[in-house]
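**Q** query.cif (mmCIF, C-alpha atoms) pasted underneath:
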data_upload
loop_
_atom_site.label_atom_id
_atom_site.label_comp_id
_atom_site.auth_asym_id
_atom_site.auth_seq_id
_atom_site.Cartn_x
_atom_site.Cartn_y
_atom_site.Cartn_z
CA MET A 15 93.39 122.11 121.61
CA SER A 16 96.69 121.23 123.21
CA SER A 17 99.34 123.45 124.68
CA LEU A 18 101.32 123.79 121.47
CA PRO A 19 103.32 126.94 120.87
CA SER A 20 101.42 129.43 118.74
CA ILE A 21 103.70 128.78 115.75
CA ALA A 22 103.44 124.98 115.89
CA GLN A 23 99.68 124.68 115.51
CA PRO A 24 99.47 126.29 112.02
CA PHE A 25 102.43 124.16 110.99
CA PHE A 26 100.66 120.92 111.93
CA VAL A 27 97.40 122.09 110.35
CA GLY A 28 99.39 122.85 107.18
CA CYS A 29 100.88 119.36 107.36
CA CYS A 30 97.37 117.88 107.52
CA VAL A 31 96.29 119.93 104.49
CA ILE A 32 99.35 118.81 102.52
CA LEU A 33 98.72 115.19 103.49
CA ALA A 34 95.08 115.50 102.38
CA ILE A 35 96.20 116.87 99.00
CA LEU A 36 98.71 114.03 98.64
CA ILE A 37 96.01 111.49 99.45
CA LEU A 38 93.83 112.93 96.68
CA LEU A 39 96.73 112.81 94.21
CA VAL A 40 97.50 109.21 95.11
CA MET A 41 93.80 108.34 94.70
CA ILE A 42 94.02 109.67 91.16
CA ARG A 43 97.06 107.46 90.64
CA THR A 44 95.08 104.51 92.01
CA ILE A 45 92.29 105.09 89.51
CA MET A 46 94.55 105.82 86.52
CA GLY A 47 97.32 103.32 87.28
CA PRO A 48 98.12 101.41 84.11
CA LYS A 49 98.93 98.19 85.98
CA ILE A 50 97.50 96.42 88.99
CA ALA A 51 100.89 96.61 90.71
CA ASP A 52 100.75 100.41 90.48
CA ARG A 53 97.32 100.39 92.07
CA ILE A 54 98.45 98.13 94.91
CA MET A 55 101.38 100.45 95.63
CA ALA A 56 99.07 103.47 95.54
CA ILE A 57 96.69 101.82 98.01
CA ASN A 58 99.63 101.10 100.31
CA MET A 59 100.75 104.73 100.01
CA ILE A 60 97.25 105.97 100.85
CA GLY A 61 97.32 103.83 103.98
CA THR A 62 100.70 105.25 104.98
CA LEU A 63 99.55 108.83 104.40
CA ILE A 64 96.41 108.26 106.45
CA MET A 65 98.48 106.81 109.30
CA THR A 66 100.72 109.88 109.17
CA MET A 67 97.69 112.15 109.24
CA ILE A 68 96.25 110.30 112.24
CA ALA A 69 99.58 110.68 114.05
CA VAL A 70 99.69 114.43 113.33
CA ILE A 71 96.09 114.88 114.48
CA SER A 72 96.90 112.88 117.60
CA TYR A 73 99.76 115.24 118.41
CA LEU A 74 97.68 118.29 117.57
CA ASN A 75 94.81 117.31 119.85
CA ASP A 76 97.02 115.71 122.51
CA GLU A 77 95.01 112.50 122.29
CA SER A 78 97.17 109.40 122.72
CA TYR A 79 94.38 106.92 121.93
CA LEU A 80 94.58 108.02 118.29
CA LEU A 81 98.05 106.46 118.12
CA ASP A 82 96.48 103.12 119.05
CA ILE A 83 94.03 103.58 116.19
CA CYS A 84 96.99 104.40 113.96
CA LEU A 85 98.68 101.10 114.88
CA ILE A 86 95.50 99.14 114.23
CA TYR A 87 95.12 100.90 110.88
CA ALA A 88 98.73 99.99 110.04
CA ALA A 89 98.06 96.32 110.71
CA ILE A 90 94.87 96.35 108.63
CA SER A 91 96.62 98.18 105.79
CA PHE A 92 99.48 95.67 105.84
CA ILE A 93 97.10 92.71 105.70
CA ALA A 94 95.14 94.33 102.86
CA VAL A 95 98.28 94.83 100.76
CA ILE A 96 99.38 91.24 101.41
CA ILE A 97 95.97 89.93 100.29
CA LEU A 98 95.90 92.16 97.20
CA SER A 99 99.42 91.06 96.26
CA LYS A 100 98.46 87.40 96.62
CA VAL A 101 95.37 87.86 94.44
CA TYR A 102 97.42 89.74 91.83
CA THR A 103 100.12 87.05 91.80
CA GLU A 104 97.58 84.25 91.36
CA ARG A 105 95.84 86.14 88.57
CA TYR A 106 99.16 86.84 86.84
CA LEU A 107 100.20 83.17 87.00
CA ALA A 108 96.80 82.03 85.70
CA ASP A 109 96.99 84.48 82.78
CA LYS A 110 100.53 83.33 82.02
CA ALA A 111 99.46 79.66 82.02
CA ASP A 112 96.51 80.45 79.72
CA GLU A 113 98.80 82.29 77.31
CA LYS A 114 101.27 79.40 77.29
CA ALA A 115 98.47 76.90 76.57
CA ARG A 116 97.15 79.10 73.77
CA ARG A 117 100.61 79.36 72.17
CA GLU A 118 101.12 75.59 72.41
CA ALA A 119 97.73 75.03 70.76
CA GLU A 120 98.64 77.44 67.95
CA ASN A 121 102.03 75.75 67.44
CA LYS A 122 100.37 72.33 67.36
CA LYS A 123 97.81 73.56 64.83
CA GLU A 124 100.56 75.05 62.63
CA GLY A 125 102.51 71.78 62.83
CA GLU A 126 99.50 69.78 61.70
CA GLU A 127 98.89 72.18 58.79
CA LYS A 128 102.50 71.81 57.63
CA LYS A 129 102.22 68.00 57.68
CA SER A 130 99.07 68.06 55.53
#
How would this structure read if it were set down as structure tokens?

**A**
Amino acid sequence: MSSLPSIAQPFFVGCCVILAILILLVMIRTIMGPKIADRIMAINMIGTLIMTMIAVISYLNDESYLLDICLIYAAISFIAVIILSKVYTERYLADKADEKARREAENKKEGEEKKS
């Protein structure tokens, strides 16, 4: 390990344990999220927590290359959230258009029944 003071190492290990617990809790939120937007936010939060954990491990082990991995992971996480948001937006707009078409068809049908 690195040349951390004897009090700092348990602190950073504790931080990693807390981050791991938070990741598990956010995974539960991802699975149980009532809406897709909640799930997208939870996935983004998992990515942020993992990046934080990588940074803490990098400091703990005195390995600077892990910070490069952290930056790459940040870019991949960002792109993933952008793609998921785009898919969600397109799906939402398609559902909204289908609902509007269904309502117009129902209104047209009701209008024809009233004329008869």

**Q** Could you state the separation of CA of Ala34 (chain A) and CA of Ile60 (chain A) in Å, given to one decimal place?

**A**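 Calculated distance between CA of Ala34 (chain A) and CA of Ile60 (chain A) is 9.9 Å.
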
**Q** Would you kindly return, as a PyMOL selection string, each protein, DNA or RNA residue with an atom no farther than 10 Å from any atom of region 39-46 of chain A, considering only C-alpha atoms and excluding same-chain residues fewer than 6 positions away?

**A** chain A and resi 33+52-60+63

**Q** CA of Arg105 (chain A) to CA of Lys49 (chain A): how many Å, to one decimal?

**A**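 Rounded to one decimal, the two atoms are 12.7 Å apart.
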
**Q** For Cys30 (chain A), which of A:Ile90, A:Val70, A:Glu126, A:Tyr102 is the closest residue, counting only C-alpha atoms?

**A** A:Val70

**Q** Go through A:Pro19, A:Gly47, A:Gly125, A:Gly61 and flag the residue nearest Leu85 (chain A), using all atoms listed in the file for the distances.

**A**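 For Leu85 (chain A), the nearest of the candidates is A:Gly61.
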
**Q** Distance CA of Ile37 (chain A)-CA of Ile97 (chain A), one decimal place?

**A** 21.6 Å

**Q** May I have the centre and edge lengths, in Å to one decimal, of an axis-aligned box around the listed atoms of region 93-100 of chain A with 5 Å added to every side, as lines of an AutoDock Vina configuration file?

**A**
center_x = 97.3
center_y = 91.1
center_z = 101.0
size_x = 14.3
size_y = 17.4
size_z = 19.4

**Q** Looking at A:Val27, A:Leu98, A:Ala51, A:Ala115, which one is nearest to Ile68 (chain A), with distances taken over only C-alpha atoms?

**A**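 Among A:Val27, A:Leu98, A:Ala51, A:Ala115, it is A:Val27 that comes nearest to Ile68 (chain A).
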